[in-house]
>>> print(open('upload13.cif').read())   # mmCIF, C-alpha atoms
data_data
#
loop_
_atom_site.group_PDB
_atom_site.id
_atom_site.type_symbol
_atom_site.label_atom_id
_atom_site.label_comp_id
_atom_site.auth_asym_id
_atom_site.auth_seq_id
_atom_site.Cartn_x
_atom_site.Cartn_y
_atom_site.Cartn_z
ATOM 1 C CA MET Q 1 55.128 -43.454 149.860
ATOM 2 C CA PHE Q 2 58.588 -42.008 149.358
ATOM 3 C CA PRO Q 3 61.356 -42.779 151.846
ATOM 4 C CA THR Q 4 62.741 -39.774 153.741
ATOM 5 C CA SER Q 5 66.442 -39.169 153.781
ATOM 6 C CA VAL Q 6 68.339 -40.987 156.525
ATOM 7 C CA ASN Q 7 70.209 -37.719 157.154
ATOM 8 C CA LEU Q 8 66.952 -36.090 158.177
ATOM 9 C CA GLY Q 9 66.361 -38.888 160.661
ATOM 10 C CA GLY Q 10 62.887 -39.522 159.360
ATOM 11 C CA LEU Q 11 61.099 -42.819 158.925
ATOM 12 C CA LEU Q 12 62.407 -44.914 156.094
ATOM 13 C CA TRP Q 13 58.942 -45.787 154.811
ATOM 14 C CA LYS Q 14 55.874 -43.749 155.525
ATOM 15 C CA ILE Q 15 52.392 -45.194 155.529
ATOM 16 C CA PRO Q 16 49.578 -42.641 155.322
ATOM 17 C CA TRP Q 17 47.278 -42.535 158.305
ATOM 18 C CA LYS Q 18 44.109 -42.721 156.248
ATOM 19 C CA LEU Q 19 43.115 -44.019 152.838
ATOM 20 C CA SER Q 20 43.214 -41.700 149.838
ATOM 21 C CA ARG Q 21 40.141 -41.076 147.692
ATOM 22 C CA THR Q 22 41.239 -43.617 145.103
ATOM 23 C CA ARG Q 23 41.874 -46.290 147.677
ATOM 24 C CA LYS Q 24 38.470 -45.638 149.212
ATOM 25 C CA THR Q 25 36.860 -45.964 145.803
ATOM 26 C CA ASN Q 26 38.605 -49.264 145.209
ATOM 27 C CA GLN Q 27 37.628 -50.464 148.670
ATOM 28 C CA ARG Q 28 33.961 -49.714 147.935
ATOM 29 C CA LYS Q 29 34.290 -51.520 144.595
ATOM 30 C CA ARG Q 30 35.728 -54.594 146.276
ATOM 31 C CA LEU Q 31 32.930 -54.611 148.861
ATOM 32 C CA LYS Q 32 30.364 -54.458 146.055
ATOM 33 C CA LEU Q 33 32.031 -57.363 144.257
ATOM 34 C CA VAL Q 34 31.749 -59.533 147.356
ATOM 35 C CA ASP Q 35 28.125 -58.407 147.733
ATOM 36 C CA ASN Q 36 27.508 -59.597 144.181
ATOM 37 C CA VAL Q 37 28.983 -63.016 144.926
ATOM 38 C CA ILE Q 38 26.788 -63.433 148.004
ATOM 39 C CA GLU Q 39 23.759 -62.235 146.044
ATOM 40 C CA THR Q 40 24.477 -64.698 143.230
ATOM 41 C CA VAL Q 41 24.685 -67.595 145.660
ATOM 42 C CA ARG Q 42 21.467 -66.438 147.309
ATOM 43 C CA ALA Q 43 19.718 -66.165 143.935
ATOM 44 C CA SER Q 44 20.686 -69.733 143.111
ATOM 45 C CA GLY Q 45 18.144 -70.874 145.687
ATOM 46 C CA VAL Q 46 20.545 -73.120 147.573
ATOM 47 C CA GLU Q 47 20.416 -73.070 151.366
ATOM 48 C CA CYS Q 48 23.414 -73.573 153.609
ATOM 49 C CA ALA Q 49 24.793 -72.354 156.921
ATOM 50 C CA SER Q 50 27.559 -70.261 155.372
ATOM 51 C CA LEU Q 51 25.019 -68.441 153.227
ATOM 52 C CA ALA Q 52 22.958 -67.592 156.311
ATOM 53 C CA LYS Q 53 26.071 -66.174 157.943
ATOM 54 C CA ALA Q 54 27.057 -64.259 154.814
ATOM 55 C CA LEU Q 55 23.620 -62.669 154.577
ATOM 56 C CA GLU Q 56 24.035 -61.294 158.097
ATOM 57 C CA LEU Q 57 26.958 -59.193 156.875
ATOM 58 C CA PRO Q 58 26.027 -55.609 156.027
ATOM 59 C CA LYS Q 59 26.062 -54.649 152.362
ATOM 60 C CA GLU Q 60 28.325 -51.894 151.108
ATOM 61 C CA SER Q 61 25.386 -49.495 150.859
ATOM 62 C CA GLU Q 62 24.399 -50.245 154.451
ATOM 63 C CA MET Q 63 27.850 -49.795 155.942
ATOM 64 C CA PRO Q 64 28.886 -46.535 157.559
ATOM 65 C CA ALA Q 65 32.065 -45.002 156.136
ATOM 66 C CA ARG Q 66 33.886 -45.709 159.381
ATOM 67 C CA ASP Q 67 33.462 -49.436 158.924
ATOM 68 C CA LYS Q 68 34.476 -49.364 155.279
ATOM 69 C CA TYR Q 69 37.797 -47.583 155.766
ATOM 70 C CA THR Q 70 38.767 -48.214 159.409
ATOM 71 C CA VAL Q 71 38.827 -51.151 161.819
ATOM 72 C CA PHE Q 72 38.667 -51.434 165.557
ATOM 73 C CA SER Q 73 42.042 -51.193 167.263
ATOM 74 C CA PRO Q 74 42.369 -51.409 171.051
ATOM 75 C CA HIS Q 75 45.758 -49.642 171.063
ATOM 76 C CA ASP Q 76 45.165 -46.558 168.943
ATOM 77 C CA GLU Q 77 43.704 -43.204 169.792
ATOM 78 C CA GLY Q 78 39.971 -43.285 169.118
ATOM 79 C CA TYR Q 79 40.183 -47.085 169.117
ATOM 80 C CA ARG Q 80 40.278 -47.102 165.349
ATOM 81 C CA LYS Q 81 42.983 -47.547 162.732
ATOM 82 C CA GLY Q 82 42.971 -47.539 158.949
ATOM 83 C CA ILE Q 83 41.820 -50.751 157.317
ATOM 84 C CA HIS Q 84 44.900 -50.633 155.076
ATOM 85 C CA LYS Q 85 46.963 -51.580 158.102
ATOM 86 C CA VAL Q 86 45.261 -54.974 158.199
ATOM 87 C CA PRO Q 87 47.318 -57.553 156.269
ATOM 88 C CA LYS Q 88 45.642 -58.766 153.062
ATOM 89 C CA PHE Q 89 42.764 -56.347 153.669
ATOM 90 C CA THR Q 90 41.948 -56.380 149.956
ATOM 91 C CA ARG Q 91 41.286 -60.107 150.033
ATOM 92 C CA ILE Q 92 39.623 -60.692 153.383
ATOM 93 C CA THR Q 93 36.198 -59.807 154.708
ATOM 94 C CA HIS Q 94 36.143 -57.391 157.622
ATOM 95 C CA ARG Q 95 32.889 -55.495 157.852
ATOM 96 C CA VAL Q 96 31.786 -55.618 161.432
ATOM 97 C CA ASN Q 97 33.522 -54.021 164.407
ATOM 98 C CA PRO Q 98 32.737 -54.234 168.139
ATOM 99 C CA ARG Q 99 29.620 -52.285 169.108
ATOM 100 C CA GLY Q 100 30.243 -48.808 170.406
ATOM 101 C CA PHE Q 101 33.674 -48.450 168.805
ATOM 102 C CA MET Y 1 24.421 -44.198 106.938
ATOM 103 C CA THR Y 2 25.190 -43.295 103.307
ATOM 104 C CA ALA Y 3 23.344 -44.817 100.380
ATOM 105 C CA LEU Y 4 26.506 -46.506 99.111
ATOM 106 C CA THR Y 5 27.213 -48.325 102.379
ATOM 107 C CA LEU Y 6 23.526 -49.275 102.658
ATOM 108 C CA LEU Y 7 23.682 -50.846 99.189
ATOM 109 C CA GLN Y 8 26.841 -52.729 100.129
ATOM 110 C CA SER Y 9 25.133 -54.004 103.254
ATOM 111 C CA ARG Y 10 22.106 -55.161 101.288
ATOM 112 C CA ALA Y 11 24.371 -56.928 98.806
ATOM 113 C CA CYS Y 12 25.818 -59.135 101.488
ATOM 114 C CA VAL Y 13 22.516 -59.748 103.298
ATOM 115 C CA SER Y 14 22.248 -63.252 101.855
ATOM 116 C CA ARG Y 15 25.587 -64.152 103.403
ATOM 117 C CA CYS Y 16 24.900 -62.390 106.703
ATOM 118 C CA THR Y 17 24.003 -64.352 109.765
ATOM 119 C CA ARG Y 18 21.295 -63.275 112.136
ATOM 120 C CA ALA Y 19 23.921 -62.016 114.586
ATOM 121 C CA THR Y 20 25.557 -59.801 111.957
ATOM 122 C CA ILE Y 21 22.229 -58.200 111.055
ATOM 123 C CA SER Y 22 21.364 -57.507 114.670
ATOM 124 C CA ASN Y 23 24.794 -55.960 115.279
ATOM 125 C CA LEU Y 24 24.102 -53.260 112.704
ATOM 126 C CA GLY Y 25 21.622 -51.733 115.105
ATOM 127 C CA PRO Y 26 18.011 -50.652 115.014
ATOM 128 C CA SER Y 27 18.811 -47.524 112.982
ATOM 129 C CA ILE Y 28 19.228 -49.621 109.799
ATOM 130 C CA ARG Y 29 15.980 -49.976 107.877
ATOM 131 C CA TRP Y 30 15.719 -53.123 105.800
ATOM 132 C CA SER Y 31 13.266 -53.462 102.917
ATOM 133 C CA SER Y 32 11.010 -56.527 102.859
ATOM 134 C CA THR Y 33 12.934 -57.940 99.846
ATOM 135 C CA ALA Y 34 16.246 -57.555 101.664
ATOM 136 C CA GLN Y 35 14.818 -59.331 104.654
ATOM 137 C CA THR Y 36 13.476 -62.295 102.666
ATOM 138 C CA GLN Y 37 16.856 -62.691 100.978
ATOM 139 C CA SER Y 38 18.510 -63.536 104.294
ATOM 140 C CA ALA Y 39 18.435 -67.073 105.540
ATOM 141 C CA ASP Y 40 16.359 -66.258 108.607
ATOM 142 C CA GLY Y 41 14.195 -63.626 107.003
ATOM 143 C CA SER Y 42 13.986 -61.318 109.992
ATOM 144 C CA ALA Y 43 16.254 -58.642 111.499
ATOM 145 C CA GLU Y 44 16.158 -58.960 115.261
ATOM 146 C CA PRO Y 45 16.414 -55.747 117.265
ATOM 147 C CA SER Y 46 19.808 -55.421 118.890
ATOM 148 C CA ALA Y 47 18.151 -54.942 122.285
ATOM 149 C CA SER Y 48 17.170 -58.629 122.565
ATOM 150 C CA SER Y 49 20.063 -60.541 124.054
ATOM 151 C CA PRO Y 50 20.525 -64.328 124.029
ATOM 152 C CA SER Y 51 20.956 -64.298 127.800
ATOM 153 C CA THR Y 52 17.262 -63.514 128.438
ATOM 154 C CA ASN Y 53 16.241 -67.166 128.030
ATOM 155 C CA ASP Y 54 13.682 -69.008 130.082
ATOM 156 C CA GLU Y 55 16.065 -71.876 130.815
ATOM 157 C CA PRO Y 56 16.428 -72.649 134.507
ATOM 158 C CA LEU Y 57 19.803 -71.542 135.893
ATOM 159 C CA THR Y 58 21.321 -74.714 137.247
ATOM 160 C CA HIS Y 59 25.070 -74.129 137.434
ATOM 161 C CA TYR Y 60 27.600 -71.802 138.982
ATOM 162 C CA ARG Y 61 30.159 -70.260 136.641
ATOM 163 C CA ILE Y 62 33.136 -69.597 138.908
ATOM 164 C CA THR Y 63 36.169 -67.557 137.828
ATOM 165 C CA LEU Y 64 39.163 -66.893 140.047
ATOM 166 C CA ARG Y 65 39.919 -63.167 139.896
ATOM 167 C CA ARG Y 66 42.345 -62.765 142.805
ATOM 168 C CA SER Y 67 44.979 -65.246 143.816
ATOM 169 C CA ALA Y 68 45.190 -66.981 147.151
ATOM 170 C CA ILE Y 69 48.917 -66.385 147.550
ATOM 171 C CA ALA Y 70 49.819 -65.759 151.189
ATOM 172 C CA LEU Y 71 46.312 -66.621 152.280
ATOM 173 C CA ASP Y 72 44.925 -69.366 154.487
ATOM 174 C CA ALA Y 73 45.874 -72.896 153.495
ATOM 175 C CA ARG Y 74 42.204 -73.844 153.804
ATOM 176 C CA MET Y 75 41.290 -71.232 151.212
ATOM 177 C CA LYS Y 76 43.858 -72.701 148.861
ATOM 178 C CA GLY Y 77 42.462 -76.143 149.532
ATOM 179 C CA THR Y 78 38.970 -74.883 148.780
ATOM 180 C CA LEU Y 79 40.090 -73.529 145.429
ATOM 181 C CA LEU Y 80 41.729 -76.854 144.595
ATOM 182 C CA SER Y 81 38.571 -78.702 145.519
ATOM 183 C CA LEU Y 82 36.670 -76.416 143.141
ATOM 184 C CA GLY Y 83 39.107 -77.455 140.413
ATOM 185 C CA ILE Y 84 40.768 -74.059 140.119
ATOM 186 C CA HIS Y 85 44.543 -74.024 139.691
ATOM 187 C CA ARG Y 86 45.317 -70.568 138.348
ATOM 188 C CA ARG Y 87 43.962 -67.029 138.192
ATOM 189 C CA MET Y 88 41.279 -66.311 135.576
ATOM 190 C CA GLN Y 89 40.467 -70.010 135.292
ATOM 191 C CA THR Y 90 36.745 -70.678 134.883
ATOM 192 C CA VAL Y 91 34.966 -73.780 136.157
ATOM 193 C CA TYR Y 92 31.334 -74.821 136.155
ATOM 194 C CA HIS Y 93 29.631 -76.607 139.024
ATOM 195 C CA PRO Y 94 25.987 -77.563 139.585
ATOM 196 C CA HIS Y 95 23.955 -75.797 142.235
ATOM 197 C CA SER Y 96 24.307 -77.550 145.575
ATOM 198 C CA PRO Y 97 24.929 -76.614 149.214
ATOM 199 C CA GLU Y 98 28.452 -78.044 149.019
ATOM 200 C CA PHE Y 99 29.550 -75.805 146.165
ATOM 201 C CA ALA Y 100 27.687 -72.837 147.608
ATOM 202 C CA GLY Y 101 29.672 -73.231 150.805
ATOM 203 C CA LYS Y 102 32.937 -73.518 148.913
ATOM 204 C CA ILE Y 103 32.201 -70.357 146.946
ATOM 205 C CA LEU Y 104 31.395 -68.461 150.131
ATOM 206 C CA ARG Y 105 34.666 -69.615 151.658
ATOM 207 C CA VAL Y 106 36.580 -67.844 148.873
ATOM 208 C CA LYS Y 107 34.036 -65.117 148.099
ATOM 209 C CA GLU Y 108 36.674 -62.369 148.163
ATOM 210 C CA LEU Y 109 38.695 -63.990 145.399
ATOM 211 C CA VAL Y 110 36.063 -65.258 143.051
ATOM 212 C CA GLU Y 111 33.478 -64.037 140.557
ATOM 213 C CA VAL Y 112 30.293 -66.112 140.285
ATOM 214 C CA GLU Y 113 27.450 -66.197 137.804
ATOM 215 C CA ASN Y 114 24.372 -68.416 137.588
ATOM 216 C CA VAL Y 115 24.140 -70.051 134.161
ATOM 217 C CA PRO Y 116 21.835 -72.584 132.509
ATOM 218 C CA ALA Y 117 23.034 -76.095 131.763
ATOM 219 C CA SER Y 118 23.448 -75.255 128.068
ATOM 220 C CA LYS Y 119 26.214 -72.788 128.916
ATOM 221 C CA VAL Y 120 28.348 -75.289 130.826
ATOM 222 C CA ARG Y 121 31.705 -75.915 129.156
ATOM 223 C CA THR Y 122 34.480 -78.322 129.986
ATOM 224 C CA LYS Y 123 38.118 -77.263 129.960
ATOM 225 C CA ILE Y 124 38.636 -78.551 126.434
ATOM 226 C CA GLU Y 125 35.472 -76.896 125.174
ATOM 227 C CA GLN Y 126 36.569 -73.571 126.643
ATOM 228 C CA LYS Y 127 39.893 -73.926 124.878
ATOM 229 C CA GLN Y 128 38.188 -74.677 121.571
ATOM 230 C CA GLU Y 129 36.048 -71.575 121.932
ATOM 231 C CA ARG Y 130 39.114 -69.440 122.552
ATOM 232 C CA LYS Y 131 40.817 -70.682 119.382
ATOM 233 C CA ALA Y 132 40.803 -68.315 116.431
ATOM 234 C CA LYS Y 133 38.853 -69.590 113.463
ATOM 235 C CA ARG Y 134 40.839 -70.317 110.341
ATOM 236 C CA GLY Y 135 40.211 -67.838 107.564
ATOM 237 C CA TYR Y 136 39.852 -70.608 105.026
ATOM 238 C CA GLN Y 137 38.018 -73.853 104.568
ATOM 239 C CA VAL Y 138 39.621 -77.051 103.280
ATOM 240 C CA VAL Y 139 37.539 -78.271 100.337
ATOM 241 C CA GLY Y 140 39.888 -80.949 99.067
ATOM 242 C CA ARG Y 141 43.395 -82.203 99.070
ATOM 243 C CA HIS Y 142 45.832 -82.639 96.204
ATOM 244 C CA GLU Y 143 46.349 -86.301 95.445
ATOM 245 C CA SER Y 144 50.082 -86.966 95.226
ATOM 246 C CA GLN Y 145 51.433 -89.080 92.368
ATOM 247 C CA GLN Y 146 52.458 -92.651 92.938
ATOM 248 C CA TRP Y 147 56.237 -92.891 92.728
#
>>> encode(input="upload13.cif", output="structure tokens")
Amino acid sequence: MFPTSVNLGGLLWKIPWKLSRTRKTNQRKRLKLVDNVIETVRASGVECASLAKALELPKESEMPARDKYTVFSPHDEGYRKGIHKVPKFTRITHRVNPRGF
Amino acid sequence: MTALTLLQSRACVSRCTRATISNLGPSIRWSSTAQTQSADGSAEPSASSPSTNDEPLTHYRITLRRSAIALDARMKGTLLSLGIHRRMQTVYHPHSPEFAGKILRVKELVEVENVPASKVRTKIEQKQERKAKRGYQVVGRHESQQW
């Protein structure tokens, strides 16, 4: 985002509150890529504990939009904040949030 | 396709490989004489792909698509243990629970494919495949005079 003028007393760097349409599209694409990796490992026929855990994760098609684009936050209004506020959110797995939030 | 280009294609049928014929597409109609001229004698439909083999898929083809910079040291260690040192590097590993676990550790960074054993390539073999073919063939060398 663009920095506001210091004269105006605004924030130096603004971060949008929610993801834009493009960012949401890219987020869905990334989720599908991880789904493909898990599916490939499952199709190989190998069995291991980490695969069992990975298969418990919801797939992108099964996830509600809230979980794709926001994460649980105990401090924010509505107890949710944008997933883009999570460091390295494009390279970590965060699909499940506490129940009821 | 015009008659002229069709004739030109038929003229080079004897030098065409099977792959070249199939690339022309199913809309090209070959006469029986044109087909027998080619080394293989048959024009495969372009729909059949070499990947639909019956070979058992025994290996993982792992390519690093996203770097592990600023990520967990264990993730970086996992990539090293897979033999990956840079982005876009491709390695092949046999199916086993150990490698499956390693892949799932770095699943956000990596692209995986199941391949048969015939598709496995070492680092040097991958490099050879990337090399551009020379446009000429050495048939002999000039013998220099004895001084």
>>> interface_residues(input="upload13.cif", of="chain Y", to="chain Q", cutoff="7 Å", atoms="all atoms listed in the file", output="mmCIF file with C-alpha atoms, keeping the file's coordinate frame")
data_model
loop_
_atom_site.group_PDB
_atom_site.id
_atom_site.type_symbol
_atom_site.label_atom_id
_atom_site.label_comp_id
_atom_site.auth_asym_id
_atom_site.auth_seq_id
_atom_site.Cartn_x
_atom_site.Cartn_y
_atom_site.Cartn_z
ATOM 1 C CA HIS Y 95 23.955 -75.797 142.235
ATOM 2 C CA SER Y 96 24.307 -77.550 145.575
ATOM 3 C CA PRO Y 97 24.929 -76.614 149.214
ATOM 4 C CA ALA Y 100 27.687 -72.837 147.608
ATOM 5 C CA GLY Y 101 29.672 -73.231 150.805
ATOM 6 C CA LEU Y 104 31.395 -68.461 150.131
ATOM 7 C CA LYS Y 107 34.036 -65.117 148.099
ATOM 8 C CA GLU Y 108 36.674 -62.369 148.163
ATOM 9 C CA LEU Y 109 38.695 -63.990 145.399
ATOM 10 C CA GLU Y 111 33.478 -64.037 140.557
ATOM 11 C CA VAL Y 112 30.293 -66.112 140.285
ATOM 12 C CA GLU Y 113 27.450 -66.197 137.804
ATOM 13 C CA ASN Y 114 24.372 -68.416 137.588
#
>>> closest_residue(input="upload13.cif", among="Q:Leu19, Q:Lys32, Q:Gly100, Q:Leu55", to="Q:Tyr69", atoms="all atoms listed in the file")
Q:Leu19
>>> atom_distance(input="upload13.cif", atom1="atom CA of Q:Phe89", atom2="atom CA of Q:Gln27")
9.3 Å
>>> atom_distance(input="upload13.cif", atom1="atom CA of Q:Tyr79", atom2="atom CA of Y:Ala70")
27.6 Å
>>> resolve_selection(input="upload13.cif", expression="the PyMOL selection byres ((chain Q and resi 64-68) around 12)", output="VMD selection string")
chain Q and resid 18 to 19 23 to 32 57 to 63 69 to 72 78 to 84 89 to 90 93 to 101
>>> write_last_selection(input="upload13.cif", atoms="C-alpha atoms", output="PDB file, in the coordinates of the input")
ATOM      1  CA  LYS Q  18      44.109 -42.721 156.248  1.00  0.00           C
ATOM      2  CA  LEU Q  19      43.115 -44.019 152.838  1.00  0.00           C
ATOM      3  CA  ARG Q  23      41.874 -46.290 147.677  1.00  0.00           C
ATOM      4  CA  LYS Q  24      38.470 -45.638 149.212  1.00  0.00           C
ATOM      5  CA  THR Q  25      36.860 -45.964 145.803  1.00  0.00           C
ATOM      6  CA  ASN Q  26      38.605 -49.264 145.209  1.00  0.00           C
ATOM      7  CA  GLN Q  27      37.628 -50.464 148.670  1.00  0.00           C
ATOM      8  CA  ARG Q  28      33.961 -49.714 147.935  1.00  0.00           C
ATOM      9  CA  LYS Q  29      34.290 -51.520 144.595  1.00  0.00           C
ATOM     10  CA  ARG Q  30      35.728 -54.594 146.276  1.00  0.00           C
ATOM     11  CA  LEU Q  31      32.930 -54.611 148.861  1.00  0.00           C
ATOM     12  CA  LYS Q  32      30.364 -54.458 146.055  1.00  0.00           C
ATOM     13  CA  LEU Q  57      26.958 -59.193 156.875  1.00  0.00           C
ATOM     14  CA  PRO Q  58      26.027 -55.609 156.027  1.00  0.00           C
ATOM     15  CA  LYS Q  59      26.062 -54.649 152.362  1.00  0.00           C
ATOM     16  CA  GLU Q  60      28.325 -51.894 151.108  1.00  0.00           C
ATOM     17  CA  SER Q  61      25.386 -49.495 150.859  1.00  0.00           C
ATOM     18  CA  GLU Q  62      24.399 -50.245 154.451  1.00  0.00           C
ATOM     19  CA  MET Q  63      27.850 -49.795 155.942  1.00  0.00           C
ATOM     20  CA  TYR Q  69      37.797 -47.583 155.766  1.00  0.00           C
ATOM     21  CA  THR Q  70      38.767 -48.214 159.409  1.00  0.00           C
ATOM     22  CA  VAL Q  71      38.827 -51.151 161.819  1.00  0.00           C
ATOM     23  CA  PHE Q  72      38.667 -51.434 165.557  1.00  0.00           C
ATOM     24  CA  GLY Q  78      39.971 -43.285 169.118  1.00  0.00           C
ATOM     25  CA  TYR Q  79      40.183 -47.085 169.117  1.00  0.00           C
ATOM     26  CA  ARG Q  80      40.278 -47.102 165.349  1.00  0.00           C
ATOM     27  CA  LYS Q  81      42.983 -47.547 162.732  1.00  0.00           C
ATOM     28  CA  GLY Q  82      42.971 -47.539 158.949  1.00  0.00           C
ATOM     29  CA  ILE Q  83      41.820 -50.751 157.317  1.00  0.00           C
ATOM     30  CA  HIS Q  84      44.900 -50.633 155.076  1.00  0.00           C
ATOM     31  CA  PHE Q  89      42.764 -56.347 153.669  1.00  0.00           C
ATOM     32  CA  THR Q  90      41.948 -56.380 149.956  1.00  0.00           C
ATOM     33  CA  THR Q  93      36.198 -59.807 154.708  1.00  0.00           C
ATOM     34  CA  HIS Q  94      36.143 -57.391 157.622  1.00  0.00           C
ATOM     35  CA  ARG Q  95      32.889 -55.495 157.852  1.00  0.00           C
ATOM     36  CA  VAL Q  96      31.786 -55.618 161.432  1.00  0.00           C
ATOM     37  CA  ASN Q  97      33.522 -54.021 164.407  1.00  0.00           C
ATOM     38  CA  PRO Q  98      32.737 -54.234 168.139  1.00  0.00           C
ATOM     39  CA  ARG Q  99      29.620 -52.285 169.108  1.00  0.00           C
ATOM     40  CA  GLY Q 100      30.243 -48.808 170.406  1.00  0.00           C
ATOM     41  CA  PHE Q 101      33.674 -48.450 168.805  1.00  0.00           C
TER      42      PHE Q 101
END
>>> atom_distance(input="upload13.cif", atom1="atom CA of Y:Asn53", atom2="atom CA of Y:His93")
19.7 Å
>>> closest_residue(input="upload13.cif", among="Y:Val110, Y:Arg87, Y:Gln128, Y:Phe99", to="Y:Ile69", atoms="only C-alpha atoms")
Y:Arg87
>>> closest_residue(input="upload13.cif", among="Y:Arg134, Y:His142, Y:Arg66, Y:Arg61", to="Y:Tyr92", atoms="all atoms listed in the file")
Y:Arg61
>>> axis_aligned_box(input="upload13.cif", around="stretch 122-132 of chain Y", padding_each_side="3 Å", output="lines of an AutoDock Vina configuration file")
center_x = 37.6
center_y = -73.4
center_z = 123.2
size_x = 12.3
size_y = 16.2
size_z = 19.6
>>> residues_around(input="upload13.cif", residues="Y:Pro116", least_positions_apart="6", cutoff="10 Å", atoms="only C-alpha atoms", output="PyMOL selection string")
chain Y and resi 51+53-61+94
>>> decode(input="upload13.cif", residues="stretch 72-86 of chain Q", atoms="N, CA, C and O atoms", output="PDB file, in the first residue's frame")
ATOM      1  N   PHE Q  72      -7.925 -17.356  13.557  1.00  0.00           N
ATOM      2  CA  PHE Q  72      -8.390 -16.997  14.889  1.00  0.00           C
ATOM      3  C   PHE Q  72      -7.415 -16.016  15.522  1.00  0.00           C
ATOM      4  O   PHE Q  72      -6.197 -16.188  15.456  1.00  0.00           O
ATOM      5  N   SER Q  73      -7.975 -14.980  16.162  1.00  0.00           N
ATOM      6  CA  SER Q  73      -7.154 -14.037  16.906  1.00  0.00           C
ATOM      7  C   SER Q  73      -7.880 -13.681  18.190  1.00  0.00           C
ATOM      8  O   SER Q  73      -9.009 -13.188  18.172  1.00  0.00           O
ATOM      9  N   PRO Q  74      -7.268 -13.932  19.350  1.00  0.00           N
ATOM     10  CA  PRO Q  74      -7.984 -13.670  20.604  1.00  0.00           C
ATOM     11  C   PRO Q  74      -8.146 -12.179  20.901  1.00  0.00           C
ATOM     12  O   PRO Q  74      -8.962 -11.812  21.743  1.00  0.00           O
ATOM     13  N   HIS Q  75      -7.390 -11.314  20.214  1.00  0.00           N
ATOM     14  CA  HIS Q  75      -7.362  -9.899  20.578  1.00  0.00           C
ATOM     15  C   HIS Q  75      -8.244  -9.037  19.707  1.00  0.00           C
ATOM     16  O   HIS Q  75      -8.512  -7.886  20.052  1.00  0.00           O
ATOM     17  N   ASP Q  76      -8.654  -9.544  18.553  1.00  0.00           N
ATOM     18  CA  ASP Q  76      -9.370  -8.683  17.604  1.00  0.00           C
ATOM     19  C   ASP Q  76     -10.871  -8.818  17.763  1.00  0.00           C
ATOM     20  O   ASP Q  76     -11.385  -9.801  18.290  1.00  0.00           O
ATOM     21  N   GLU Q  77     -11.547  -7.796  17.232  1.00  0.00           N
ATOM     22  CA  GLU Q  77     -13.008  -7.824  17.247  1.00  0.00           C
ATOM     23  C   GLU Q  77     -13.492  -8.960  16.344  1.00  0.00           C
ATOM     24  O   GLU Q  77     -13.006  -9.118  15.223  1.00  0.00           O
ATOM     25  N   GLY Q  78     -14.427  -9.754  16.869  1.00  0.00           N
ATOM     26  CA  GLY Q  78     -14.894 -10.915  16.115  1.00  0.00           C
ATOM     27  C   GLY Q  78     -13.972 -12.098  16.237  1.00  0.00           C
ATOM     28  O   GLY Q  78     -14.238 -13.151  15.671  1.00  0.00           O
ATOM     29  N   TYR Q  79     -12.883 -11.925  16.974  1.00  0.00           N
ATOM     30  CA  TYR Q  79     -11.905 -12.991  17.230  1.00  0.00           C
ATOM     31  C   TYR Q  79     -11.331 -13.566  15.954  1.00  0.00           C
ATOM     32  O   TYR Q  79     -10.970 -14.736  15.884  1.00  0.00           O
ATOM     33  N   ARG Q  80     -11.254 -12.724  14.940  1.00  0.00           N
ATOM     34  CA  ARG Q  80     -10.662 -13.155  13.676  1.00  0.00           C
ATOM     35  C   ARG Q  80      -9.816 -12.023  13.124  1.00  0.00           C
ATOM     36  O   ARG Q  80     -10.135 -10.843  13.316  1.00  0.00           O
ATOM     37  N   LYS Q  81      -8.728 -12.394  12.422  1.00  0.00           N
ATOM     38  CA  LYS Q  81      -7.946 -11.401  11.696  1.00  0.00           C
ATOM     39  C   LYS Q  81      -7.552 -12.014  10.352  1.00  0.00           C
ATOM     40  O   LYS Q  81      -7.606 -13.231  10.160  1.00  0.00           O
ATOM     41  N   GLY Q  82      -7.141 -11.161   9.432  1.00  0.00           N
ATOM     42  CA  GLY Q  82      -6.780 -11.638   8.105  1.00  0.00           C
ATOM     43  C   GLY Q  82      -5.578 -12.565   8.151  1.00  0.00           C
ATOM     44  O   GLY Q  82      -4.634 -12.349   8.915  1.00  0.00           O
ATOM     45  N   ILE Q  83      -5.609 -13.597   7.306  1.00  0.00           N
ATOM     46  CA  ILE Q  83      -4.513 -14.562   7.318  1.00  0.00           C
ATOM     47  C   ILE Q  83      -3.225 -13.922   6.827  1.00  0.00           C
ATOM     48  O   ILE Q  83      -2.122 -14.385   7.118  1.00  0.00           O
ATOM     49  N   HIS Q  84      -3.324 -12.809   6.088  1.00  0.00           N
ATOM     50  CA  HIS Q  84      -2.124 -12.151   5.585  1.00  0.00           C
ATOM     51  C   HIS Q  84      -1.315 -11.507   6.695  1.00  0.00           C
ATOM     52  O   HIS Q  84      -0.195 -11.067   6.468  1.00  0.00           O
ATOM     53  N   LYS Q  85      -1.895 -11.420   7.875  1.00  0.00           N
ATOM     54  CA  LYS Q  85      -1.161 -10.867   9.010  1.00  0.00           C
ATOM     55  C   LYS Q  85      -0.281 -11.922   9.672  1.00  0.00           C
ATOM     56  O   LYS Q  85       0.538 -11.590  10.540  1.00  0.00           O
ATOM     57  N   VAL Q  86      -0.439 -13.157   9.277  1.00  0.00           N
ATOM     58  CA  VAL Q  86       0.385 -14.236   9.839  1.00  0.00           C
ATOM     59  C   VAL Q  86       1.686 -14.267   9.066  1.00  0.00           C
ATOM     60  O   VAL Q  86       1.679 -14.334   7.835  1.00  0.00           O
TER      61      VAL Q  86
END
